[in-house]
>>> print(open('data-v1.tsv').read())   # TSV, C-alpha atoms
chain	number	residue	atom	x	y	z
G	1	MET	CA	213.37	51.51	210.51
G	2	VAL	CA	213.27	54.92	212.08
G	3	ALA	CA	210.88	57.83	212.15
G	4	VAL	CA	212.03	61.43	211.94
G	5	LYS	CA	209.94	64.23	213.39
G	6	LEU	CA	210.75	67.75	212.26
G	7	GLU	CA	209.52	70.93	213.89
G	8	LEU	CA	210.21	74.38	212.50
G	9	ILE	CA	212.08	76.47	215.06
G	10	ILE	CA	209.89	79.47	215.77
G	11	ASP	CA	210.25	80.74	219.33
G	12	GLY	CA	212.85	78.54	221.01
G	13	SER	CA	210.37	76.19	222.71
G	14	SER	CA	210.09	72.74	221.22
G	15	SER	CA	207.40	70.09	221.57
G	16	VAL	CA	209.68	67.44	220.01
G	17	GLN	CA	212.37	68.22	222.59
G	18	HIS	CA	209.76	67.75	225.32
G	19	GLU	CA	208.70	64.48	223.65
G	20	TYR	CA	212.35	63.36	223.55
G	21	HIS	CA	212.72	63.89	227.32
G	22	ILE	CA	209.48	62.02	228.03
G	23	LEU	CA	210.54	59.11	225.81
G	24	LYS	CA	213.87	58.94	227.64
G	25	GLN	CA	212.02	58.70	230.97
G	26	LEU	CA	209.73	55.93	229.69
G	27	GLU	CA	212.48	54.12	227.77
G	28	GLY	CA	212.26	50.34	227.95
G	29	GLY	CA	208.50	50.25	228.44
G	30	VAL	CA	206.34	48.05	226.25
G	31	GLY	CA	205.31	49.92	223.12
G	32	ILE	CA	207.58	52.89	223.83
G	33	PRO	CA	209.91	53.72	220.94
G	34	HIS	CA	213.61	54.23	221.65
G	35	ALA	CA	214.54	57.88	221.10
G	36	LEU	CA	217.76	57.73	219.13
G	37	TRP	CA	218.64	61.41	218.69
G	38	PHE	CA	217.37	64.92	219.22
G	39	GLY	CA	219.03	68.01	217.82
G	40	ARG	CA	218.89	70.96	215.50
G	41	GLU	CA	219.20	70.77	211.72
G	42	LEU	CA	219.19	74.14	209.97
G	43	THR	CA	215.87	75.73	210.95
G	44	TYR	CA	214.33	72.57	212.46
G	45	HIS	CA	214.35	70.66	215.70
G	46	ALA	CA	214.64	66.99	214.79
G	47	LEU	CA	213.77	63.84	216.73
G	48	VAL	CA	214.81	60.42	215.46
G	49	LEU	CA	213.12	57.40	217.03
G	50	ASP	CA	212.36	53.76	216.33
G	51	LEU	CA	209.39	53.27	214.02
G	52	LEU	CA	207.07	50.82	215.75
G	53	GLY	CA	204.42	50.60	213.05
G	54	SER	CA	201.53	52.61	211.70
G	55	SER	CA	200.59	55.76	213.59
G	56	LEU	CA	197.27	56.00	215.38
G	57	HIS	CA	196.28	58.67	212.89
G	58	ASP	CA	196.96	56.32	209.95
G	59	LEU	CA	195.00	53.51	211.61
G	60	PHE	CA	192.15	55.92	212.35
G	61	LEU	CA	191.98	56.93	208.69
G	62	THR	CA	192.23	53.30	207.54
G	63	HIS	CA	189.19	52.44	209.70
G	64	ASN	CA	187.01	55.19	208.19
G	65	ARG	CA	187.75	57.63	211.02
G	66	LYS	CA	186.17	55.35	213.61
G	67	PHE	CA	187.61	53.03	216.24
G	68	ALA	CA	185.58	50.20	217.72
G	69	LEU	CA	184.93	50.36	221.46
G	70	HIS	CA	187.33	47.46	222.16
G	71	THR	CA	190.08	49.32	220.29
G	72	VAL	CA	189.55	52.44	222.40
G	73	VAL	CA	189.50	50.36	225.60
G	74	ASN	CA	192.78	48.67	224.58
G	75	LEU	CA	194.40	52.04	223.82
G	76	VAL	CA	193.29	53.48	227.17
G	77	ASP	CA	194.58	50.38	228.97
G	78	GLN	CA	197.99	50.72	227.31
G	79	LEU	CA	198.19	54.46	227.99
G	80	VAL	CA	197.22	54.10	231.65
G	81	SER	CA	199.65	51.18	232.10
G	82	GLN	CA	202.50	53.22	230.64
G	83	PHE	CA	201.57	56.22	232.77
G	84	VAL	CA	201.57	54.14	235.96
G	85	VAL	CA	204.89	52.46	235.09
G	86	GLY	CA	206.41	55.82	234.20
G	87	ALA	CA	205.15	57.41	237.43
G	88	LEU	CA	206.59	54.54	239.48
G	89	GLN	CA	209.97	54.87	237.77
G	90	ILE	CA	210.10	58.63	238.30
G	91	GLY	CA	208.77	58.69	241.84
>>> encode(input="data-v1.tsv", output="C-alpha coordinates")
Amino acid sequence: MVAVKLELIIDGSSSVQHEYHILKQLEGGVGIPHALWFGRELTYHALVLDLLGSSLHDLFLTHNRKFALHTVVNLVDQLVSQFVVGALQIG
(Lines of atoms letter the chains of each structure in order from A and count residues from 1; the text may use other names and numbers.)
(Lines give C-alpha, C1' and ligand atoms only; values in the text may rest on other atoms or scores of the structure.)
Protein backbone atom coordinates (compact mmCIF):
# COMPACT_ATOMS: atom_id res chain seq x y z
CA MET A 1 0.00 0.00 0.00
CA VAL A 2 1.05 3.56 -0.59
CA ALA A 3 0.20 6.94 0.83
CA VAL A 4 -0.19 10.02 -1.32
CA LYS A 5 0.37 13.48 0.11
CA LEU A 6 -0.98 16.40 -1.88
CA GLU A 7 -0.10 20.04 -1.33
CA LEU A 8 -1.72 22.88 -3.23
CA ILE A 9 0.91 24.87 -5.12
CA ILE A 10 0.71 28.40 -3.79
CA ASP A 11 4.06 30.17 -3.84
CA GLY A 12 6.56 27.74 -5.34
CA SER A 13 7.94 26.46 -2.01
CA SER A 14 6.87 22.97 -1.03
CA SER A 15 6.93 21.21 2.32
CA VAL A 16 6.29 17.83 0.66
CA GLN A 17 9.29 18.36 -1.62
CA HIS A 18 11.39 19.09 1.47
CA GLU A 19 9.95 15.94 3.10
CA TYR A 20 10.83 13.93 -0.02
CA HIS A 21 14.49 15.04 0.18
CA ILE A 22 14.67 14.22 3.89
CA LEU A 23 13.14 10.77 3.31
CA LYS A 24 15.70 10.11 0.58
CA GLN A 25 18.52 10.97 3.00
CA LEU A 26 17.10 8.68 5.71
CA GLU A 27 16.12 5.91 3.29
CA GLY A 28 16.72 2.41 4.62
CA GLY A 29 16.34 3.38 8.27
CA VAL A 30 14.01 1.43 10.53
CA GLY A 31 10.51 2.88 10.38
CA ILE A 32 11.34 5.26 7.52
CA PRO A 33 8.99 4.92 4.56
CA HIS A 34 10.45 4.59 1.07
CA ALA A 35 9.67 7.71 -0.96
CA LEU A 36 8.53 6.40 -4.31
CA TRP A 37 7.84 9.58 -6.27
CA PHE A 38 7.61 13.33 -6.00
CA GLY A 39 6.25 15.58 -8.71
CA ARG A 40 3.60 17.99 -9.85
CA GLU A 41 0.05 17.03 -10.79
CA LEU A 42 -2.07 19.91 -12.08
CA THR A 43 -2.09 22.43 -9.23
CA TYR A 44 -0.59 20.11 -6.60
CA HIS A 45 2.79 18.90 -5.46
CA ALA A 46 2.45 15.17 -4.84
CA LEU A 47 4.52 12.76 -2.76
CA VAL A 48 3.97 9.01 -3.00
CA LEU A 49 5.48 6.87 -0.24
CA ASP A 50 5.10 3.48 1.39
CA LEU A 51 2.25 3.33 3.89
CA LEU A 52 3.70 1.92 7.09
CA GLY A 53 0.51 1.89 9.15
CA SER A 54 -1.71 4.28 11.03
CA SER A 55 -0.51 7.85 11.36
CA LEU A 56 0.43 9.26 14.75
CA HIS A 57 -2.54 11.57 14.44
CA ASP A 58 -4.93 8.63 13.93
CA LEU A 59 -3.41 6.77 16.89
CA PHE A 60 -3.66 9.91 19.02
CA LEU A 61 -7.36 10.24 18.21
CA THR A 62 -7.95 6.52 18.80
CA HIS A 63 -6.46 6.87 22.31
CA ASN A 64 -8.77 9.76 23.28
CA ARG A 65 -6.18 12.41 22.41
CA LYS A 66 -3.75 11.13 25.04
CA PHE A 67 -0.59 9.05 24.83
CA ALA A 68 0.73 7.15 27.83
CA LEU A 69 4.18 8.16 29.09
CA HIS A 70 5.78 4.94 27.80
CA THR A 71 4.36 5.66 24.33
CA VAL A 72 5.88 9.14 24.32
CA VAL A 73 9.22 7.78 25.56
CA ASN A 74 9.20 5.15 22.78
CA LEU A 75 8.42 7.80 20.15
CA VAL A 76 11.21 10.06 21.40
CA ASP A 77 13.64 7.13 21.42
CA GLN A 78 12.77 6.28 17.80
CA LEU A 79 13.00 9.91 16.66
CA VAL A 80 16.36 10.49 18.36
CA SER A 81 17.72 7.19 17.00
CA GLN A 82 16.71 8.13 13.46
CA PHE A 83 18.17 11.61 13.87
CA VAL A 84 21.51 10.23 15.06
CA VAL A 85 21.65 7.63 12.26
CA GLY A 86 20.70 10.27 9.70
CA ALA A 87 23.34 12.69 11.03
CA LEU A 88 26.01 9.99 10.88
CA GLN A 89 25.10 9.12 7.29
CA ILE A 90 25.15 12.76 6.19
CA GLY A 91 28.25 13.82 8.08
>>> atom_distance(input="data-v1.tsv", atom1="CA of Leu8 in chain G", atom2="CA of Gly29 in chain G")
29.0 Å
>>> axis_aligned_box(input="data-v1.tsv", around="range 48-57 of chain G", padding_each_side="5 Å", output="AutoDock Vina command-line options")
--center_x 205.5 --center_y 55.5 --center_z 214.4 --size_x 28.5 --size_y 19.8 --size_z 15.3
>>> closest_residue(input="data-v1.tsv", among="G:Val4, G:Gly31, G:Ser14, G:Lys24", to="Gln82 in chain G", atoms="only C-alpha atoms")
G:Gly31
>>> closest_residue(input="data-v1.tsv", among="G:Leu61, G:Leu52, G:Met1, G:Val73", to="Val30 in chain G", atoms="only C-alpha atoms")
G:Leu52
>>> closest_residue(input="data-v1.tsv", among="G:Val16, G:Ile10, G:Val80, G:Leu75", to="Val48 in chain G", atoms="all atoms listed in the file")
G:Val16
>>> closest_residue(input="data-v1.tsv", among="G:Ala3, G:Asp77, G:Ser54, G:Leu49", to="Leu23 in chain G", atoms="all atoms listed in the file")
G:Leu49
>>> closest_residue(input="data-v1.tsv", among="G:His70, G:Leu56, G:His45, G:Thr62", to="Asp11 in chain G", atoms="only C-alpha atoms")
G:His45
>>> atom_distance(input="data-v1.tsv", atom1="CA of Gly12 in chain G", atom2="CA of Gly39 in chain G")
12.6 Å
>>> atom_distance(input="data-v1.tsv", atom1="CA of Asp50 in chain G", atom2="CA of Leu36 in chain G")
7.3 Å
>>> residues_around(input="data-v1.tsv", residues="Ala46 in chain G", least_positions_apart="2", cutoff="7 Å", atoms="only C-alpha atoms", output="NGL selection string")
:G and (4-7 or 38-41 or 44 or 48)
>>> residues_around(input="data-v1.tsv", residues="Leu59 in chain G", least_positions_apart="6", cutoff="12 Å", atoms="only C-alpha atoms", output="PyMOL selection string")
chain G and resi 53+65-68+71
>>> decode(input="data-v1.tsv", residues="range 26-41 of chain G", atoms="N, CA, C and O atoms", output="CSV table (one decimal), in the first residue's frame")
chain,number,residue,atom,x,y,z
G,26,LEU,N,17.3,9.7,4.6
G,26,LEU,CA,17.1,8.7,5.7
G,26,LEU,C,16.7,7.3,5.2
G,26,LEU,O,16.5,6.4,6.0
G,27,GLU,N,16.6,7.2,3.9
G,27,GLU,CA,16.1,5.9,3.3
G,27,GLU,C,16.9,4.7,3.8
G,27,GLU,O,18.1,4.7,4.0
G,28,GLY,N,16.1,3.6,4.1
G,28,GLY,CA,16.7,2.4,4.6
G,28,GLY,C,16.7,2.3,6.1
G,28,GLY,O,17.0,1.2,6.7
G,29,GLY,N,16.4,3.4,6.8
G,29,GLY,CA,16.3,3.4,8.3
G,29,GLY,C,15.1,2.7,8.8
G,29,GLY,O,14.1,2.6,8.1
G,30,VAL,N,15.2,2.1,9.9
G,30,VAL,CA,14.0,1.4,10.5
G,30,VAL,C,12.9,2.4,10.7
G,30,VAL,O,13.0,3.5,11.3
G,31,GLY,N,11.7,2.1,10.2
G,31,GLY,CA,10.5,2.9,10.4
G,31,GLY,C,10.4,4.1,9.4
G,31,GLY,O,9.5,4.9,9.6
G,32,ILE,N,11.4,4.2,8.5
G,32,ILE,CA,11.3,5.3,7.5
G,32,ILE,C,10.7,4.8,6.2
G,32,ILE,O,11.2,3.8,5.6
G,33,PRO,N,9.6,5.4,5.8
G,33,PRO,CA,9.0,4.9,4.6
G,33,PRO,C,9.9,5.2,3.3
G,33,PRO,O,10.6,6.2,3.3
G,34,HIS,N,9.7,4.4,2.3
G,34,HIS,CA,10.5,4.6,1.1
G,34,HIS,C,9.7,5.6,0.2
G,34,HIS,O,8.5,5.4,-0.1
G,35,ALA,N,10.3,6.7,-0.1
G,35,ALA,CA,9.7,7.7,-1.0
G,35,ALA,C,9.7,7.2,-2.4
G,35,ALA,O,10.8,7.0,-3.0
G,36,LEU,N,8.6,7.0,-3.0
G,36,LEU,CA,8.5,6.4,-4.3
G,36,LEU,C,8.6,7.4,-5.4
G,36,LEU,O,9.1,7.2,-6.5
G,37,TRP,N,7.9,8.6,-5.2
G,37,TRP,CA,7.8,9.6,-6.3
G,37,TRP,C,7.5,10.9,-5.7
G,37,TRP,O,6.7,11.0,-4.8
G,38,PHE,N,8.0,12.0,-6.3
G,38,PHE,CA,7.6,13.3,-6.0
G,38,PHE,C,7.5,14.1,-7.3
G,38,PHE,O,8.3,13.9,-8.2
G,39,GLY,N,6.4,14.8,-7.5
G,39,GLY,CA,6.2,15.6,-8.7
G,39,GLY,C,5.1,16.5,-8.6
G,39,GLY,O,4.5,16.7,-7.5
G,40,ARG,N,4.7,17.0,-9.8
G,40,ARG,CA,3.6,18.0,-9.9
G,40,ARG,C,2.5,17.4,-10.6
G,40,ARG,O,2.7,16.8,-11.7
G,41,GLU,N,1.3,17.5,-10.1
G,41,GLU,CA,0.1,17.0,-10.8
G,41,GLU,C,-0.9,18.2,-10.8
G,41,GLU,O,-1.4,18.6,-9.7
